[in-house]
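Here is the structure we will look at, set down as structure tokens.
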Amino acid sequence: MRLTGLHVYPVKSMYRLSPDTAAVQPWGLAGDRRWMLADPTGRFVSQRENAALGQIRVALLPDGALSLTAPDGSRIEVTAPAVAAGDPLAEVEVWGTRFRAVEAAEKAHGWIAEHLGEYRLVHLDDPRARPVDPEYGEPGDTVSMADGFPLLLTTTASLDRLNELIAAEHPDGHETLPMERFRPNVVVADSEAWAEDGWRRIRIGSLTFKVVKPCGRCVVTTTDQESGERRGPEPLRTLARHHRLLRKAAFGQNLIPERPAGVEGDVLGALRLGDDVEVLEDGAHWPADGR
């Protein structure tokens, strides 16, 4: 098996970057989801509520700064705020976990309001501030502002099988879904379909990862990531009929990086397209209800 896709989402639910190489930190790929939008209550905002988020193109600039570009060509550069600089803190929430993040400058909020709605742009200056679900992680495991875990893995074989199932459900024809609908961080080729459901621990290149939980899917997977259009009930309908894990329509597996022996600091190593992928421990361990 080999690594054929790497994706970083600097702002939660906005457009992806797809580098050839990505550094891995304990809380995810470097630069992944360290920014997000929050509503007036502090709750995160995603494509679930506002599909237009996915149409904002993002570039990472030096020192953690961002460039955001709207479909109309309007562009803004946003400096990464810092507590030490006196930038205001905001209490925010992602799926019931509350933590503190730093608000961007007011001009950024104005740009966001003009293009997306009355949201606040916030930055997670301390990625150790948000622990993963203790049911699936260990003490000290943390995550950025991703939904729940540091990395999400999908496989091309499972996508091929899912598209076959969707085609069977729609004999009059249906679009072939691209991997981008599932917003993974890492994509693996040359496995068997659904093989990732049984993985417990894997190696990608020189780094090892715990495979901790299937990814339950939502309306974002019905959203065309290029146009922002909602495209109907697929793939949720077919996943619900053919691939349910932990009582949810599931696709992909969540990963937590392991720290290599002797490595200190925030960077554990790097992933590169073409890296070999090896299963170190396997064994089916998720109830496959309705699969």
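Residues in the structure tokens are numbered from 1 in each chain, the chains being A, B, ... in the order shown, and ligands are numbered from 1 in the order shown.
Residues lying within 12 Å of His174 of chain A, counting only C-alpha atoms and ignoring same-chain neighbours fewer than 3 positions away, are Asn163, Glu164, Leu165, Ile166, Ala167, Ala168, Glu169, His170, Pro171, Leu177, Arg231, Gly232, Pro233, Glu234 and Pro235 of chain A.
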Exercise. Which polymer residues have any atom within 8 Å of an atom of Asp141 of chain A, counting only C-alpha atoms, with same-chain residues fewer than 2 positions away left out, as a VMD selection string?
Worked result: chain A and resid 26 to 27 131 to 132 137 to 139 143 256
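The two atoms in question, atom CA of Leu152 of chain A and atom CA of Lys210 of chain A, are spaced 11.3 Å apart.
Minimum atom-to-atom distances from A:Pro71, A:Gly110, A:Gly96, A:Pro214 to Arg200 of chain A were compared using only C-alpha atoms, and the lowest value belongs to A:Pro214.
The list of residues with at least one atom within 7 Å of segment 192-196 of chain A, based on only C-alpha atoms and without residues fewer than 4 positions apart in the same chain, reads Ala157, Ser158, Arg161 and Gln253 of chain A.
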Using N, CA, C and O atoms, can you write the selected residues to a file as an mmCIF file, in the first residue's frame?
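Generated file (result.cif):
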data_model
loop_
_atom_site.group_PDB
_atom_site.id
_atom_site.type_symbol
_atom_site.label_atom_id
_atom_site.label_comp_id
_atom_site.auth_asym_id
_atom_site.auth_seq_id
_atom_site.Cartn_x
_atom_site.Cartn_y
_atom_site.Cartn_z
ATOM 1 N N ALA A 157 -9.672 2.259 -2.465
ATOM 2 C CA ALA A 157 -10.465 1.049 -2.707
ATOM 3 C C ALA A 157 -11.858 1.168 -2.110
ATOM 4 O O ALA A 157 -12.856 0.733 -2.714
ATOM 5 N N SER A 158 -11.963 1.754 -0.932
ATOM 6 C CA SER A 158 -13.281 1.927 -0.312
ATOM 7 C C SER A 158 -14.127 2.929 -1.089
ATOM 8 O O SER A 158 -15.345 2.760 -1.221
ATOM 9 N N ARG A 161 -15.450 1.100 -4.078
ATOM 10 C CA ARG A 161 -16.560 0.220 -3.705
ATOM 11 C C ARG A 161 -17.821 1.028 -3.406
ATOM 12 O O ARG A 161 -18.933 0.639 -3.796
ATOM 13 N N GLN A 253 -11.220 6.386 8.678
ATOM 14 C CA GLN A 253 -10.836 6.130 10.062
ATOM 15 C C GLN A 253 -10.000 7.294 10.601
ATOM 16 O O GLN A 253 -9.184 7.889 9.878
#
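Proximity ranking of A:Ala84, A:Cys215, A:Ala59, A:Ala261 relative to Asp125 of chain A places A:Ala84 first, based on only C-alpha atoms.
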Exercise. Do you know which residues are at most 7 Å from segment 36-47 of chain A counting only C-alpha atoms, after dropping those on the same chain fewer than 6 positions away, and could you put them as a list in words?
Worked result: Val11, Lys12, Ser13, Leu53, Gly54, Glu91, Val92, Glu93, Val94, Glu118, Tyr119, Arg120, Leu121, Val122, His123 and Val220 of chain A
Write the residues of the preceding selection, restricted to N, CA and C atoms, as a tab-separated table (two decimals), in the first residue's frame.
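again-v7.tsv, written as the output of this step:
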chain	number	residue	atom	x	y	z
A	11	VAL	N	-8.14	26.45	7.52
A	11	VAL	CA	-9.32	26.95	8.23
A	11	VAL	C	-10.39	25.86	8.17
A	12	LYS	N	-10.89	25.49	9.32
A	12	LYS	CA	-11.90	24.43	9.39
A	12	LYS	C	-13.03	24.69	8.39
A	13	SER	N	-13.29	23.71	7.52
A	13	SER	CA	-14.38	23.70	6.55
A	13	SER	C	-14.14	24.57	5.32
A	53	LEU	N	-18.55	28.18	2.97
A	53	LEU	CA	-17.21	28.15	3.55
A	53	LEU	C	-16.23	27.43	2.64
A	54	GLY	N	-16.68	26.35	2.01
A	54	GLY	CA	-15.79	25.56	1.18
A	54	GLY	C	-15.31	26.28	-0.06
A	91	GLU	N	-13.86	32.23	24.17
A	91	GLU	CA	-14.20	30.86	24.53
A	91	GLU	C	-15.01	30.27	23.39
A	92	VAL	N	-14.51	29.17	22.82
A	92	VAL	CA	-15.16	28.57	21.66
A	92	VAL	C	-15.47	27.10	21.96
A	93	GLU	N	-16.23	26.50	21.05
A	93	GLU	CA	-16.67	25.12	21.30
A	93	GLU	C	-16.70	24.34	20.00
A	94	VAL	N	-16.17	23.12	20.05
A	94	VAL	CA	-16.24	22.17	18.94
A	94	VAL	C	-16.81	20.87	19.49
A	118	GLU	N	-22.10	36.64	10.02
A	118	GLU	CA	-21.62	37.28	11.24
A	118	GLU	C	-20.87	36.26	12.11
A	119	TYR	N	-19.67	35.95	11.71
A	119	TYR	CA	-18.83	34.99	12.41
A	119	TYR	C	-17.54	35.66	12.86
A	120	ARG	N	-16.89	35.01	13.82
A	120	ARG	CA	-15.57	35.47	14.28
A	120	ARG	C	-14.53	34.47	13.81
A	121	LEU	N	-13.41	34.98	13.31
A	121	LEU	CA	-12.29	34.13	12.90
A	121	LEU	C	-11.35	33.99	14.09
A	122	VAL	N	-11.08	32.75	14.50
A	122	VAL	CA	-10.25	32.52	15.68
A	122	VAL	C	-9.12	31.56	15.35
A	123	HIS	N	-8.07	31.66	16.13
A	123	HIS	CA	-6.85	30.88	15.91
A	123	HIS	C	-6.50	30.13	17.19
A	220	VAL	N	-21.93	17.30	4.89
A	220	VAL	CA	-20.80	17.85	4.13
A	220	VAL	C	-20.44	16.94	2.96
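Here atom CA of Glu175 of chain A and atom CA of Gly274 of chain A stand 28.1 Å from one another.
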Problem set entry | segment 26-274 of chain A: residues DSSP assigns to alpha helix (DSSP H), reported as a ChimeraX atom specification | /A:106-115,156-169,236-242
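With distances restricted to only C-alpha atoms, A:Ala101 is the closest residue to Arg128 of chain A from A:Ala113, A:Ala23, A:Ala101, A:Leu207.
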Which residues come within 7 Å of Gln25 of chain A, counting only C-alpha atoms, excluding same-chain residues fewer than 5 positions away, as a PDB file with C-alpha atoms, in the first residue's frame?
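Once written, out.pdb looks like this:
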ATOM      1  CA  ALA A  30       1.248  21.074  10.376  1.00  0.00           C
ATOM      2  CA  ASP A 266       6.396  19.530  18.104  1.00  0.00           C
ATOM      3  CA  VAL A 267       7.445  17.916  14.812  1.00  0.00           C
ATOM      4  CA  LEU A 268       7.334  14.123  14.848  1.00  0.00           C
TER       5      LEU A 268
END
Quick one: everything within 12 Å of Asp72 of chain A, counting only C-alpha atoms, minus sequence neighbours fewer than 4 positions away in the same chain. Send it as a JSON list (two decimals) with N, CA, C and O atoms, in the first residue's frame.
[["chain", "number", "residue", "atom", "x", "y", "z"],
["A", 55, "GLN", "N", -15.91, 27.41, -0.39],
["A", 55, "GLN", "CA", -15.51, 28.16, -1.58],
["A", 55, "GLN", "C", -14.44, 29.20, -1.31],
["A", 55, "GLN", "O", -13.96, 29.87, -2.23],
["A", 56, "ILE", "N", -14.05, 29.36, -0.05],
["A", 56, "ILE", "CA", -12.99, 30.29, 0.29],
["A", 56, "ILE", "C", -11.65, 29.59, 0.14],
["A", 56, "ILE", "O", -11.35, 28.62, 0.82],
["A", 57, "ARG", "N", -10.83, 30.09, -0.82],
["A", 57, "ARG", "CA", -9.50, 29.53, -1.02],
["A", 57, "ARG", "C", -8.54, 30.08, 0.02],
["A", 57, "ARG", "O", -8.62, 31.26, 0.38],
["A", 68, "LEU", "N", -6.87, 34.66, 2.51],
["A", 68, "LEU", "CA", -8.20, 34.15, 2.17],
["A", 68, "LEU", "C", -8.67, 34.85, 0.90],
["A", 68, "LEU", "O", -8.55, 36.07, 0.77],
["A", 114, "GLU", "N", -18.76, 40.09, 5.43],
["A", 114, "GLU", "CA", -19.16, 40.48, 4.07],
["A", 114, "GLU", "C", -19.37, 39.26, 3.18],
["A", 114, "GLU", "O", -20.28, 39.24, 2.34],
["A", 115, "HIS", "N", -18.57, 38.22, 3.35],
["A", 115, "HIS", "CA", -18.59, 37.10, 2.42],
["A", 115, "HIS", "C", -19.30, 35.86, 2.95],
["A", 115, "HIS", "O", -19.75, 35.02, 2.15]]
For this session: Please return as a PyMOL selection string: the residues of segment 5-222 of chain A that backbone DSSP assigns to strand (DSSP E or B).
Result: chain A and resi 5-6+8+11+17+21-25+28-29+35-38+43-45+57-60+66-69+75-78+89-94+97-103+120-123+131+142+151-155+186-189+199-204+207-216
